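J.: final09.cif is reproduced below (mmCIF, C-alpha atoms).
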data_query
loop_
_atom_site.label_atom_id
_atom_site.label_comp_id
_atom_site.auth_asym_id
_atom_site.auth_seq_id
_atom_site.Cartn_x
_atom_site.Cartn_y
_atom_site.Cartn_z
CA MET M 1 0.00 0.00 0.00
CA SER M 2 1.49 3.35 -0.99
CA SER M 3 1.62 6.07 1.65
CA ARG M 4 -0.77 8.25 -0.40
CA ALA M 5 -3.44 5.54 -0.49
CA GLY M 6 -2.93 5.12 3.23
CA GLN M 7 -3.50 8.81 3.84
CA LYS M 8 -6.69 8.75 1.77
CA GLN M 9 -8.00 5.83 3.73
CA ALA M 10 -7.17 7.52 7.03
CA ALA M 11 -8.97 10.68 5.90
CA ARG M 12 -12.04 8.66 4.95
CA MET M 13 -12.03 6.94 8.32
CA VAL M 14 -11.96 10.30 10.07
CA ARG M 15 -14.82 11.56 7.90
CA ASP M 16 -16.87 8.46 8.64
CA GLN M 17 -16.11 8.87 12.30
CA ILE M 18 -17.30 12.48 12.25
CA ALA M 19 -20.43 11.54 10.33
CA ARG M 20 -21.19 8.78 12.84
CA GLU M 21 -20.73 11.17 15.75
CA ARG M 22 -22.98 13.71 14.12
CA ARG M 23 -25.67 11.10 13.51
CA ARG M 24 -25.44 9.93 17.08
CA SER M 25 -25.87 13.42 18.48
CA ARG M 26 -28.82 14.00 16.12
CA THR M 27 -30.48 10.82 17.36
CA LEU M 28 -29.84 11.91 20.92
CA TRP M 29 -31.39 15.32 20.37
CA ALA M 30 -34.37 13.79 18.59
CA SER M 31 -34.89 11.52 21.60
CA VAL M 32 -34.57 14.40 24.04
CA ALA M 33 -37.12 16.40 22.03
CA ALA M 34 -39.51 13.43 21.94
CA VAL M 35 -39.25 12.81 25.68
CA ALA M 36 -39.85 16.52 26.30
CA VAL M 37 -42.99 16.38 24.13
CA LEU M 38 -44.33 13.39 26.10
CA VAL M 39 -43.56 14.89 29.51
CA VAL M 40 -45.06 18.27 28.63
CA ALA M 41 -48.18 16.54 27.28
CA GLY M 42 -48.61 14.65 30.54
CA LEU M 43 -48.12 17.80 32.59
CA ILE M 44 -50.72 19.66 30.53
CA GLY M 45 -53.35 17.06 31.37
CA TRP M 46 -52.38 17.05 34.98
CA GLY M 47 -52.41 20.85 35.10
CA VAL M 48 -55.86 21.09 33.48
CA VAL M 49 -57.38 18.77 36.07
CA ALA M 50 -55.55 20.39 38.97
CA SER M 51 -56.87 23.81 37.92
CA GLN M 52 -60.43 22.47 37.68
CA ASP M 53 -60.25 21.17 41.25
CA SER M 54 -61.27 24.35 43.03
CA GLY M 55 -63.05 22.46 45.79
CA GLU M 56 -65.37 25.42 46.44
CA PHE M 57 -69.02 24.47 46.39
CA THR M 58 -72.28 25.40 48.02
CA ALA M 59 -74.26 22.38 49.17
CA PRO M 60 -78.02 22.82 48.92
CA ALA M 61 -80.38 22.49 51.88
CA GLY M 62 -81.07 18.88 52.78
CA ALA M 63 -77.53 17.76 51.94
CA VAL M 64 -75.67 15.46 54.30
CA GLU M 65 -72.87 16.97 56.36
CA ASP M 66 -70.04 16.37 53.87
CA GLY M 67 -72.27 17.54 51.04
CA THR M 68 -72.06 14.32 49.03
CA GLY M 69 -75.80 13.72 48.72
CA ILE M 70 -79.35 14.71 49.65
CA LYS M 71 -80.84 12.97 52.64
CA VAL M 72 -84.49 11.94 52.64
CA GLY M 73 -86.20 10.51 55.74
CA SER M 74 -84.74 9.63 59.11
CA GLY M 75 -84.99 5.84 59.54
CA PRO M 76 -82.27 3.91 61.37
CA VAL M 77 -80.81 2.16 58.29
CA GLN M 78 -79.05 4.27 55.65
CA ILE M 79 -79.51 3.53 51.97
CA ASP M 80 -77.15 5.26 49.55
CA ILE M 81 -78.32 5.56 45.96
CA TYR M 82 -75.92 6.78 43.25
CA GLU M 83 -77.69 7.83 40.06
CA ASP M 84 -77.04 9.75 36.88
CA PHE M 85 -80.09 11.43 35.38
CA ILE M 86 -79.29 10.29 31.83
CA CYS M 87 -78.46 6.67 32.70
CA PRO M 88 -81.20 4.41 31.29
CA ALA M 89 -80.64 1.73 33.95
CA CYS M 90 -81.22 4.44 36.58
CA GLY M 91 -84.51 5.37 34.93
CA GLN M 92 -85.62 1.73 35.05
CA PHE M 93 -84.42 1.45 38.64
CA GLU M 94 -86.56 4.45 39.61
CA GLN M 95 -89.60 2.96 37.88
CA GLN M 96 -89.19 -0.46 39.44
CA THR M 97 -88.04 0.35 42.97
CA GLY M 98 -88.87 4.02 43.52
CA ALA M 99 -92.25 3.38 45.18
CA ALA M 100 -90.88 0.64 47.44
CA ILE M 101 -88.03 2.85 48.61
CA ASP M 102 -90.38 5.77 49.28
CA GLN M 103 -92.43 3.31 51.35
CA LEU M 104 -89.37 2.31 53.42
CA VAL M 105 -88.81 6.00 54.13
CA ALA M 106 -92.49 6.64 54.92
CA ASP M 107 -92.54 3.67 57.33
CA GLY M 108 -89.52 5.12 59.13
CA LYS M 109 -87.42 2.03 58.38
CA ALA M 110 -84.72 3.71 56.36
CA ALA M 111 -83.19 7.04 55.43
CA VAL M 112 -82.04 7.45 51.84
CA VAL M 113 -79.09 9.54 50.73
CA TYR M 114 -79.39 10.30 47.02
CA HIS M 115 -76.12 11.04 45.22
CA PRO M 116 -77.10 12.64 41.88
CA LEU M 117 -73.74 12.35 40.12
CA ALA M 118 -72.54 13.19 36.62
CA PHE M 119 -70.58 10.25 35.24
CA LEU M 120 -72.11 10.40 31.78
CA ASP M 121 -71.61 13.97 30.55
CA ARG M 122 -70.19 12.53 27.33
CA TYR M 123 -73.46 10.78 26.62
CA SER M 124 -75.23 14.04 25.78
CA THR M 125 -74.07 16.95 23.68
CA THR M 126 -74.81 19.50 26.43
CA ASP M 127 -73.44 17.90 29.63
CA TYR M 128 -77.00 17.01 30.58
CA SER M 129 -75.82 14.87 33.52
CA THR M 130 -74.18 17.86 35.20
CA ARG M 131 -77.00 20.29 34.38
CA ALA M 132 -79.70 17.90 35.61
CA SER M 133 -77.78 17.09 38.79
CA ALA M 134 -77.18 20.79 39.52
CA ALA M 135 -80.89 21.47 38.89
CA SER M 136 -81.77 18.71 41.38
CA GLY M 137 -79.55 20.51 43.88
CA ALA M 138 -81.57 23.67 43.30
CA ALA M 139 -84.74 21.61 43.79
CA ALA M 140 -83.32 20.33 47.11
CA GLU M 141 -82.77 23.94 48.15
CA GLY M 142 -86.46 24.48 47.40
CA GLY M 143 -87.35 21.38 49.45
CA LYS M 144 -88.52 19.31 46.47
CA PHE M 145 -85.57 17.06 45.62
CA ARG M 146 -87.46 13.79 45.45
CA GLU M 147 -90.44 15.17 43.51
CA TYR M 148 -88.09 16.81 41.03
CA ALA M 149 -85.86 13.75 40.59
CA LYS M 150 -88.88 11.58 39.83
CA ALA M 151 -90.17 14.09 37.30
CA LEU M 152 -86.75 14.17 35.60
CA PHE M 153 -86.58 10.39 35.35
CA ALA M 154 -90.13 10.32 33.98
CA GLN M 155 -88.99 12.57 31.10
CA GLN M 156 -85.50 11.10 30.75
CA PRO M 157 -83.79 12.03 27.46
CA ALA M 158 -82.02 9.36 25.42
CA GLU M 159 -78.27 8.82 25.63
CA GLY M 160 -76.50 10.59 22.79
CA SER M 161 -79.16 13.30 22.51
CA ALA M 162 -78.89 16.96 23.52
CA GLY M 163 -80.72 16.20 26.75
CA LEU M 164 -83.36 18.54 28.13
CA SER M 165 -82.71 22.27 27.79
CA ASP M 166 -82.34 24.53 30.84
CA ASP M 167 -85.75 26.00 30.00
CA LYS M 168 -87.25 22.53 30.08
CA LEU M 169 -85.50 21.79 33.39
CA ILE M 170 -87.06 24.94 34.83
CA GLU M 171 -90.48 24.10 33.40
CA ILE M 172 -90.35 20.67 35.08
CA GLY M 173 -89.39 22.44 38.29
CA ARG M 174 -92.43 24.69 38.08
CA SER M 175 -94.62 21.63 37.50
CA VAL M 176 -93.59 20.26 40.91
CA GLY M 177 -94.08 23.63 42.59
CA LEU M 178 -90.63 25.22 42.46
CA GLY M 179 -90.43 28.96 41.91
CA ASP M 180 -88.22 31.78 40.69
CA ALA M 181 -85.31 31.12 43.03
CA PHE M 182 -85.07 27.64 41.53
CA ALA M 183 -85.20 29.00 37.98
CA GLN M 184 -82.46 31.50 38.76
CA ALA M 185 -80.23 28.83 40.33
CA VAL M 186 -80.63 26.62 37.25
CA ARG M 187 -79.82 29.51 34.89
CA ASP M 188 -76.74 30.48 36.93
CA GLY M 189 -75.54 26.90 37.24
CA LYS M 190 -75.31 27.63 40.96
CA TYR M 191 -74.98 24.00 42.03
CA LYS M 192 -72.63 22.76 39.30
CA PRO M 193 -69.61 22.85 41.63
CA TRP M 194 -71.66 20.83 44.09
CA THR M 195 -72.35 18.26 41.35
CA ALA M 196 -68.61 17.99 40.72
CA HIS M 197 -68.08 17.41 44.44
CA VAL M 198 -70.79 14.71 44.57
CA THR M 199 -69.30 13.00 41.50
CA ASP M 200 -65.75 13.12 42.78
CA ALA M 201 -66.68 11.87 46.23
CA ALA M 202 -68.60 8.95 44.74
CA SER M 203 -65.56 7.93 42.66
CA GLU M 204 -63.41 8.18 45.73
CA ASP M 205 -65.82 5.84 47.53
CA GLY M 206 -65.35 3.26 44.78
CA VAL M 207 -68.55 3.88 42.85
CA ASN M 208 -67.75 3.06 39.20
CA GLY M 209 -71.19 2.77 37.68
CA THR M 210 -74.82 3.78 38.04
CA PRO M 211 -77.13 2.89 39.60
CA THR M 212 -75.15 1.79 42.64
CA VAL M 213 -77.08 1.01 45.81
CA ARG M 214 -75.56 0.55 49.24
CA VAL M 215 -77.39 -0.40 52.39
CA GLY M 216 -75.47 0.29 55.57
CA GLY M 217 -72.41 0.95 53.40
CA LYS M 218 -72.51 -2.42 51.61
CA ASP M 219 -73.20 -2.89 47.90
CA VAL M 220 -76.64 -4.32 47.20
CA GLN M 221 -78.25 -5.37 43.91
CA PRO M 222 -80.48 -2.54 42.65
CA THR M 223 -83.72 -4.50 43.01
CA THR M 224 -86.68 -4.04 45.36
CA GLU M 225 -86.24 -7.51 46.92
CA ALA M 226 -82.52 -7.11 47.59
CA ILE M 227 -82.95 -3.67 49.11
CA GLN M 228 -85.90 -4.70 51.30
CA ALA M 229 -84.00 -7.79 52.46
CA ALA M 230 -80.91 -5.74 53.31
CA VAL M 231 -82.92 -3.15 55.25
CA GLY M 232 -84.64 -6.00 57.13
CA MET I 1 -18.10 -18.94 9.33
CA ASN I 2 -19.57 -19.52 5.91
CA VAL I 3 -21.99 -16.67 5.29
CA THR I 4 -23.12 -17.84 1.85
CA ALA I 5 -24.19 -21.20 3.16
CA ALA I 6 -26.07 -19.70 6.09
CA SER I 7 -28.20 -17.39 3.97
CA SER I 8 -28.67 -19.71 1.04
CA SER I 9 -32.19 -20.73 2.16
CA VAL I 10 -33.44 -17.21 1.33
CA SER I 11 -33.08 -16.24 -2.30
CA PRO I 12 -31.22 -12.97 -2.98
CA ALA I 13 -34.23 -11.69 -4.94
CA SER I 14 -36.59 -11.95 -1.97
CA VAL I 15 -34.03 -10.31 0.31
CA GLY I 16 -33.86 -7.43 -2.14
CA ARG I 17 -37.63 -7.13 -2.28
CA TRP I 18 -37.83 -7.10 1.53
CA ARG I 19 -35.17 -4.39 1.67
CA THR I 20 -37.16 -2.16 -0.70
CA ALA I 21 -40.56 -2.89 0.78
CA ARG I 22 -39.66 -2.77 4.47
CA PRO I 23 -39.29 1.02 4.88
CA TRP I 24 -42.64 1.53 3.16
CA LEU I 25 -44.29 -1.22 5.18
CA GLY I 26 -42.75 0.51 8.20
CA THR I 27 -44.47 3.75 7.20
CA LEU I 28 -47.83 1.97 7.17
CA VAL I 29 -47.12 0.39 10.57
CA ARG I 30 -46.03 3.74 11.98
CA LEU I 31 -49.12 5.56 10.72
CA GLY I 32 -51.32 2.68 11.90
CA LEU I 33 -49.97 2.87 15.45
CA ALA I 34 -50.23 6.68 15.29
CA ALA I 35 -53.93 6.37 14.37
CA VAL I 36 -54.49 4.07 17.35
CA TRP I 37 -53.00 6.60 19.79
CA LEU I 38 -54.73 9.59 18.23
CA ALA I 39 -58.09 7.81 18.40
CA ALA I 40 -57.50 6.62 21.97
CA GLY I 41 -56.38 10.06 23.12
CA SER I 42 -59.03 12.13 21.38
CA THR I 43 -61.95 10.07 22.72
CA LYS I 44 -60.73 10.66 26.28
CA VAL I 45 -59.39 14.20 26.18
CA GLY I 46 -62.84 15.85 26.24
CA ASP I 47 -63.68 14.49 29.70
CA LEU I 48 -60.58 14.13 31.84
CA ALA I 49 -62.62 13.46 34.97
CA ALA I 50 -64.20 10.47 33.25
CA SER I 51 -60.74 9.31 32.16
CA GLY I 52 -59.65 9.40 35.80
CA ARG I 53 -62.73 7.40 36.78
CA ALA I 54 -61.94 4.81 34.10
CA VAL I 55 -58.45 4.39 35.59
CA ASN I 56 -59.96 4.26 39.08
CA ALA I 57 -62.31 1.46 38.00
CA TYR I 58 -59.32 -0.89 37.64
CA ASP I 59 -59.04 -0.55 41.42
CA VAL I 60 -55.25 -0.79 41.58
CA MET I 61 -54.27 2.62 42.99
CA PRO I 62 -55.58 5.39 45.25
CA TYR I 63 -58.21 7.61 43.65
CA ASP I 64 -56.03 10.73 43.63
CA LEU I 65 -53.28 8.94 41.72
CA ALA I 66 -55.85 7.47 39.32
CA LYS I 67 -57.18 10.98 38.70
CA ALA I 68 -53.70 12.31 37.88
CA ILE I 69 -52.90 9.40 35.57
CA GLY I 70 -56.32 9.58 33.95
CA ALA I 71 -55.72 13.27 33.24
CA ALA I 72 -52.20 12.84 31.84
CA LEU I 73 -52.85 9.72 29.79
CA PRO I 74 -54.98 11.18 26.96
CA PHE I 75 -52.40 13.92 26.32
CA VAL I 76 -49.52 11.44 26.36
CA GLU I 77 -51.44 9.25 23.90
CA LEU I 78 -52.03 12.22 21.59
CA ALA I 79 -48.35 13.20 21.83
CA LEU I 80 -47.26 9.66 20.96
CA GLY I 81 -49.62 9.78 17.99
CA VAL I 82 -48.09 13.04 16.77
CA LEU I 83 -44.50 11.76 17.21
CA LEU I 84 -45.39 8.67 15.18
CA VAL I 85 -47.17 10.64 12.46
CA VAL I 86 -44.12 12.82 11.84
CA GLY I 87 -41.69 9.98 12.51
CA LEU I 88 -39.56 11.70 15.14
CA ALA I 89 -37.61 9.40 17.50
CA THR I 90 -39.66 6.50 16.21
CA ARG I 91 -37.80 3.84 18.17
CA LEU I 92 -38.33 5.72 21.41
CA ALA I 93 -42.00 6.35 20.63
CA ALA I 94 -42.41 2.67 19.78
CA GLY I 95 -40.71 1.71 23.04
CA VAL I 96 -42.99 3.96 25.10
CA SER I 97 -45.99 2.61 23.14
CA ALA I 98 -44.99 -0.97 23.91
CA ALA I 99 -44.46 -0.18 27.60
CA LEU I 100 -47.90 1.50 27.84
CA LEU I 101 -49.59 -1.41 26.04
CA VAL I 102 -47.97 -3.91 28.39
CA VAL I 103 -49.32 -1.91 31.35
CA PHE I 104 -52.80 -1.86 29.74
CA VAL I 105 -52.75 -5.61 29.17
CA ALA I 106 -51.62 -6.16 32.76
CA GLY I 107 -54.44 -3.92 34.04
CA ILE I 108 -57.09 -5.71 31.99
CA THR I 109 -55.73 -9.10 33.00
CA GLN I 110 -55.90 -8.32 36.70
CA ALA I 111 -59.44 -6.94 36.30
CA TRP I 112 -60.37 -10.18 34.53
CA ALA I 113 -58.68 -12.35 37.14
CA ARG I 114 -60.41 -10.54 40.00
CA GLY I 115 -63.77 -10.73 38.26
CA LEU I 116 -64.32 -6.96 38.06
CA GLN I 117 -67.18 -5.97 35.76
CA ILE I 118 -65.64 -3.01 33.97
CA ASP I 119 -65.24 -1.53 30.51
CA CYS I 120 -61.54 -1.16 29.73
CA GLY I 121 -61.99 2.52 28.84
CA CYS I 122 -59.45 2.02 26.08
CA PHE I 123 -61.24 4.30 23.62
CA GLY I 124 -63.34 6.52 25.85
CA SER I 125 -66.15 5.48 28.21
CA GLY I 126 -64.86 3.08 30.83
CA GLY I 127 -66.00 2.35 34.34
CA GLN I 128 -68.38 -0.27 35.59
CA LEU I 129 -70.62 -2.04 33.12
CA ALA I 130 -74.39 -1.72 33.30
CA ALA I 131 -76.39 -4.73 34.43
CA GLY I 132 -76.71 -7.27 31.62
CA GLN I 133 -73.50 -6.15 29.88
CA SER I 134 -70.60 -8.56 30.05
CA PRO I 135 -66.93 -7.59 29.86
CA THR I 136 -64.92 -8.36 26.70
CA TYR I 137 -61.51 -8.73 28.31
CA GLY I 138 -60.29 -11.42 25.89
CA LEU I 139 -60.96 -9.24 22.83
CA GLU I 140 -59.45 -6.17 24.48
CA ILE I 141 -56.24 -8.06 25.29
CA LEU I 142 -56.05 -9.54 21.77
CA ARG I 143 -56.43 -6.07 20.29
CA ASP I 144 -53.67 -4.69 22.51
CA VAL I 145 -51.39 -7.58 21.54
CA GLY I 146 -52.00 -6.65 17.90
CA PHE I 147 -50.97 -3.06 18.68
CA LEU I 148 -47.91 -4.44 20.50
CA ALA I 149 -46.90 -6.23 17.31
CA LEU I 150 -46.96 -2.86 15.47
CA ALA I 151 -44.79 -1.31 18.18
CA GLY I 152 -42.42 -4.30 18.02
CA PHE I 153 -41.96 -3.87 14.27
CA LEU I 154 -40.96 -0.23 14.78
CA LEU I 155 -38.63 -1.11 17.65
CA ILE I 156 -36.74 -3.47 15.33
CA TRP I 157 -36.93 -1.36 12.17
CA PRO I 158 -37.49 2.27 13.22
CA LEU I 159 -36.30 3.87 9.99
CA THR I 160 -39.29 4.28 7.70
CA ARG I 161 -40.11 6.36 4.64
CA LEU I 162 -41.62 9.84 4.96
CA SER I 163 -40.29 10.34 8.48
CA ILE I 164 -38.21 13.03 10.16
CA ASP I 165 -35.90 10.26 11.35
CA SER I 166 -34.96 9.17 7.83
CA TRP I 167 -34.60 12.79 6.74
CA LEU I 168 -32.20 13.41 9.65
CA GLU I 169 -30.32 10.25 8.69
CA LYS I 170 -29.67 11.55 5.18
CA THR I 171 -28.60 15.12 5.97
#
Can you turn what I pasted into structure tokens?

T.:
Amino acid sequence: MSSRAGQKQAARMVRDQIARERRRSRTLWASVAAVAVLVVAGLIGWGVVASQDSGEFTAPAGAVEDGTGIKVGSGPVQIDIYEDFICPACGQFEQQTGAAIDQLVADGKAAVVYHPLAFLDRYSTTDYSTRASAASGAAAEGGKFREYAKALFAQQPAEGSAGLSDDKLIEIGRSVGLGDAFAQAVRDGKYKPWTAHVTDAASEDGVNGTPTVRVGGKDVQPTTEAIQAAVG
Amino acid sequence: MNVTAASSSVSPASVGRWRTARPWLGTLVRLGLAAVWLAAGSTKVGDLAASGRAVNAYDVMPYDLAKAIGAALPFVELALGVLLVVGLATRLAAGVSAALLVVFVAGITQAWARGLQIDCGCFGSGGQLAAGQSPTYGLEILRDVGFLALAGFLLIWPLTRLSIDSWLEKT
């Protein structure tokens, strides 16, 4: 091998070496950029939720002490009912067991805490679950929670629809005897933060679906027989 | 070592075809996996609280942690989708994809094993199933394994056509 050929080869090796180094640092920077994108994306989501968690809410009259539901009756056994106003199974549950539960309350056997939560906002185009729950809070303030909830379930909109409008929610309120203060609270969305609190607290208590029924803190099938048996 | 003998079972022509086709096949795989993440992220991003509840339904961590993960996850999924669409750091994105998918499969498997009645929440919804609905854990796991195969392909062959990676490689 002549010395000139050797020099050429050495020069090429150096060039290759430099090119390899450059490629490696490019790959490194691409990876750093990608990791940054992923981390920032995660932080955005976390930040959005953290900023939504204001924790400030006004619980309506009739709410239990920690504000997670509306208490009806004063019997010795506590029944907790978690419902979403757009959930079809909740509508059926109300139809099939509503009268029997009202009877348990009337007989003084049980107290019921209703948790009107908003799990299914995505199932309407207007966050009907939240609006209906907040309206039921306004109805509780007016002393007509149960009457109003029944009326809402009787006119339950289909999943995937726009739900009932605020005007319609107010009209239903008037039909059960609620007045202007109720209408104003619905228009202002006064109890929406309370709905968020009810929803969050239910999740924290391990409620993952609706309707969920608990008697004395234990999960019970949402049927008249099971509930009556559990109350005893 | 006799290299010619070792590779003689594969004809040179088919090796050549594979070499030409692979980067383009890789592009399809990359865009396919990107579509999966973009779909998964966009169905969840509109309701972060619901996403947190879906994570919480797996019942493997405290609610506050589930909320944080549920909030971050849709954005991370969207970001992975974007990285894969443009083809930046494809091997890394494929690695993170594979890791996430393994976690998802593990989560679904434990829910199945414990007899939880939940929707995986993979593409929106999630949470407990209504009465009369039965879980589809087997299908969900199979689907995730399919997605894992896509990620595996990109881990092995990350350089694909029409990607920032291959453009960086050339310049």

J.: I'd like to see the residues matched by the PyMOL selection byres ((chain I) within 8 of (chain M)) on this file, and ideally I'd get them as a ChimeraX atom specification.

T.: /I:47-50,53-54,56-57,63,68-69,71-76,79-80,83,88-89,92-93,127-131,168-169

J.: Restricting it to C-alpha atoms, dump the selection as a PDB file, in the frame of the given file.

T.:
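The resulting result23.pdb:
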ATOM      1  CA  ASP I  47     -63.680  14.490  29.700  1.00  0.00           C
ATOM      2  CA  LEU I  48     -60.580  14.130  31.840  1.00  0.00           C
ATOM      3  CA  ALA I  49     -62.620  13.460  34.970  1.00  0.00           C
ATOM      4  CA  ALA I  50     -64.200  10.470  33.250  1.00  0.00           C
ATOM      5  CA  ARG I  53     -62.730   7.400  36.780  1.00  0.00           C
ATOM      6  CA  ALA I  54     -61.940   4.810  34.100  1.00  0.00           C
ATOM      7  CA  ASN I  56     -59.960   4.260  39.080  1.00  0.00           C
ATOM      8  CA  ALA I  57     -62.310   1.460  38.000  1.00  0.00           C
ATOM      9  CA  TYR I  63     -58.210   7.610  43.650  1.00  0.00           C
ATOM     10  CA  ALA I  68     -53.700  12.310  37.880  1.00  0.00           C
ATOM     11  CA  ILE I  69     -52.900   9.400  35.570  1.00  0.00           C
ATOM     12  CA  ALA I  71     -55.720  13.270  33.240  1.00  0.00           C
ATOM     13  CA  ALA I  72     -52.200  12.840  31.840  1.00  0.00           C
ATOM     14  CA  LEU I  73     -52.850   9.720  29.790  1.00  0.00           C
ATOM     15  CA  PRO I  74     -54.980  11.180  26.960  1.00  0.00           C
ATOM     16  CA  PHE I  75     -52.400  13.920  26.320  1.00  0.00           C
ATOM     17  CA  VAL I  76     -49.520  11.440  26.360  1.00  0.00           C
ATOM     18  CA  ALA I  79     -48.350  13.200  21.830  1.00  0.00           C
ATOM     19  CA  LEU I  80     -47.260   9.660  20.960  1.00  0.00           C
ATOM     20  CA  LEU I  83     -44.500  11.760  17.210  1.00  0.00           C
ATOM     21  CA  LEU I  88     -39.560  11.700  15.140  1.00  0.00           C
ATOM     22  CA  ALA I  89     -37.610   9.400  17.500  1.00  0.00           C
ATOM     23  CA  LEU I  92     -38.330   5.720  21.410  1.00  0.00           C
ATOM     24  CA  ALA I  93     -42.000   6.350  20.630  1.00  0.00           C
ATOM     25  CA  GLY I 127     -66.000   2.350  34.340  1.00  0.00           C
ATOM     26  CA  GLN I 128     -68.380  -0.270  35.590  1.00  0.00           C
ATOM     27  CA  LEU I 129     -70.620  -2.040  33.120  1.00  0.00           C
ATOM     28  CA  ALA I 130     -74.390  -1.720  33.300  1.00  0.00           C
ATOM     29  CA  ALA I 131     -76.390  -4.730  34.430  1.00  0.00           C
ATOM     30  CA  LEU I 168     -32.200  13.410   9.650  1.00  0.00           C
ATOM     31  CA  GLU I 169     -30.320  10.250   8.690  1.00  0.00           C
TER      32      GLU I 169
END

J.: Measuring between all atoms listed in the file, which one of M:Arg20, M:Arg214, M:Arg131, M:Arg4 shows the shortest distance to Trp194 of chain M?

T.: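 The closest residue to Trp194 of chain M is M:Arg131.
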
J.: Which residues are near Phe182 of chain M? Cut-off 8 Å, all atoms listed in the file, ignore same chain within fewer than 3 positions. Put them as a list of chain:residue names.

T.: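 Residues near the query, excluding close chain neighbours: M:Ala135, M:Ala138, M:Ala139, M:Glu141, M:Gly142, M:Ile170, M:Gly173, M:Leu178, M:Gly179, M:Ala185, M:Val186.
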
J.: Adding 5 Å on each side of the box along x, y and z that holds all listed atoms of segment 147-161 of chain M, could you give its centre and edge lengths in Å to one decimal, as lines of an AutoDock Vina configuration file?

T.:
center_x = -83.5
center_y = 12.8
center_z = 33.0
size_x = 23.9
size_y = 18.0
size_z = 31.0

J.: Pick from I:Pro12, I:Gly46, I:Gly52, I:Gly138: nearest to Ala66 of chain I, with all atoms listed in the file counted?

T.: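 Of all the options, I:Gly52 lies closest to Ala66 of chain I.
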
J.: Given the point (-71.7, 21.0, 35.4) in the file's coordinates, find the residues that have an atom at most 9 Å from it, counting all atoms listed in the file, and give them as a list in words.

T.: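 Result, sorted by chain then residue number: Ala118, Asp121, Asp127, Tyr128, Ser129, Thr130, Arg131, Ala132, Ser133, Ala134, Gly189, Tyr191, Lys192, Pro193, Trp194, Thr195 and Ala196 of chain M.
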
J.: Compile the contact shell of Pro23 of chain I as a PDB file with C-alpha atoms, keeping the file's coordinate frame: residues with an atom at most 7 Å away, counting all atoms listed in the file, same-chain residues fewer than 3 positions apart removed.

T.:
ATOM      1  CA  THR I  20     -37.160  -2.160  -0.700  1.00  0.00           C
ATOM      2  CA  GLY I  26     -42.750   0.510   8.200  1.00  0.00           C
ATOM      3  CA  THR I  27     -44.470   3.750   7.200  1.00  0.00           C
ATOM      4  CA  LEU I 159     -36.300   3.870   9.990  1.00  0.00           C
ATOM      5  CA  THR I 160     -39.290   4.280   7.700  1.00  0.00           C
ATOM      6  CA  ARG I 161     -40.110   6.360   4.640  1.00  0.00           C
TER       7      ARG I 161
END

J.: For the atom pair atom CA of Phe123 of chain I and atom CA of Gly95 of chain I, what is the interatomic distance in Å to one decimal place?

T.: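 It comes out at 20.7 Å.
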
J.: Using only C-alpha atoms, which of I:Arg17, I:Lys67, I:Arg143, I:Arg91 sits nearest Cys122 of chain I?

T.: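 Closest to Cys122 of chain I, using only C-alpha atoms: I:Arg143.
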
J.: Let me know the residues the PyMOL selection byres ((chain M and resi 81) around 8) catches in the file above, as a PDB file with C-alpha atoms, in the frame of the given file.

T.:
ATOM      1  CA  ILE M  79     -79.510   3.530  51.970  1.00  0.00           C
ATOM      2  CA  ASP M  80     -77.150   5.260  49.550  1.00  0.00           C
ATOM      3  CA  TYR M  82     -75.920   6.780  43.250  1.00  0.00           C
ATOM      4  CA  GLU M  83     -77.690   7.830  40.060  1.00  0.00           C
ATOM      5  CA  VAL M 112     -82.040   7.450  51.840  1.00  0.00           C
ATOM      6  CA  VAL M 113     -79.090   9.540  50.730  1.00  0.00           C
ATOM      7  CA  TYR M 114     -79.390  10.300  47.020  1.00  0.00           C
ATOM      8  CA  HIS M 115     -76.120  11.040  45.220  1.00  0.00           C
ATOM      9  CA  PRO M 211     -77.130   2.890  39.600  1.00  0.00           C
ATOM     10  CA  THR M 212     -75.150   1.790  42.640  1.00  0.00           C
ATOM     11  CA  VAL M 213     -77.080   1.010  45.810  1.00  0.00           C
ATOM     12  CA  ARG M 214     -75.560   0.550  49.240  1.00  0.00           C
TER      13      ARG M 214
END

J.: For atom CA of Gly55 of chain M and atom CA of Asp119 of chain I, determine how far apart the two atoms are, in Å to one decimal place.

T.: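 Interatomic distance, atom CA of Gly55 of chain M to atom CA of Asp119 of chain I: 28.5 Å.
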
J.: Kindly give the distance, in Å, that separates atom CA of Ala63 of chain M and atom CA of Ser175 of chain M, rounded to a single decimal.

T.: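 The value is 22.7 Å.
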
J.: So, counting all atoms listed in the file, which residue among I:Val82, I:Leu148, I:Leu116, I:Leu142 is closest to Ser42 of chain I?

T.: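 Using all atoms listed in the file, Ser42 of chain I sits closest to I:Val82.
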
J.: Under the PyMOL selection byres ((chain I and resi 136) around 10), which residues of this model are included? Write them out as number ranges by chain.

T.: I: 108, 112, 117-120, 133-135, 137-141

J.: Between I:Ala149, I:Leu65, I:Val60, I:Leu78, which is the closest to Thr109 of chain I once you count only C-alpha atoms?

T.: I:Val60
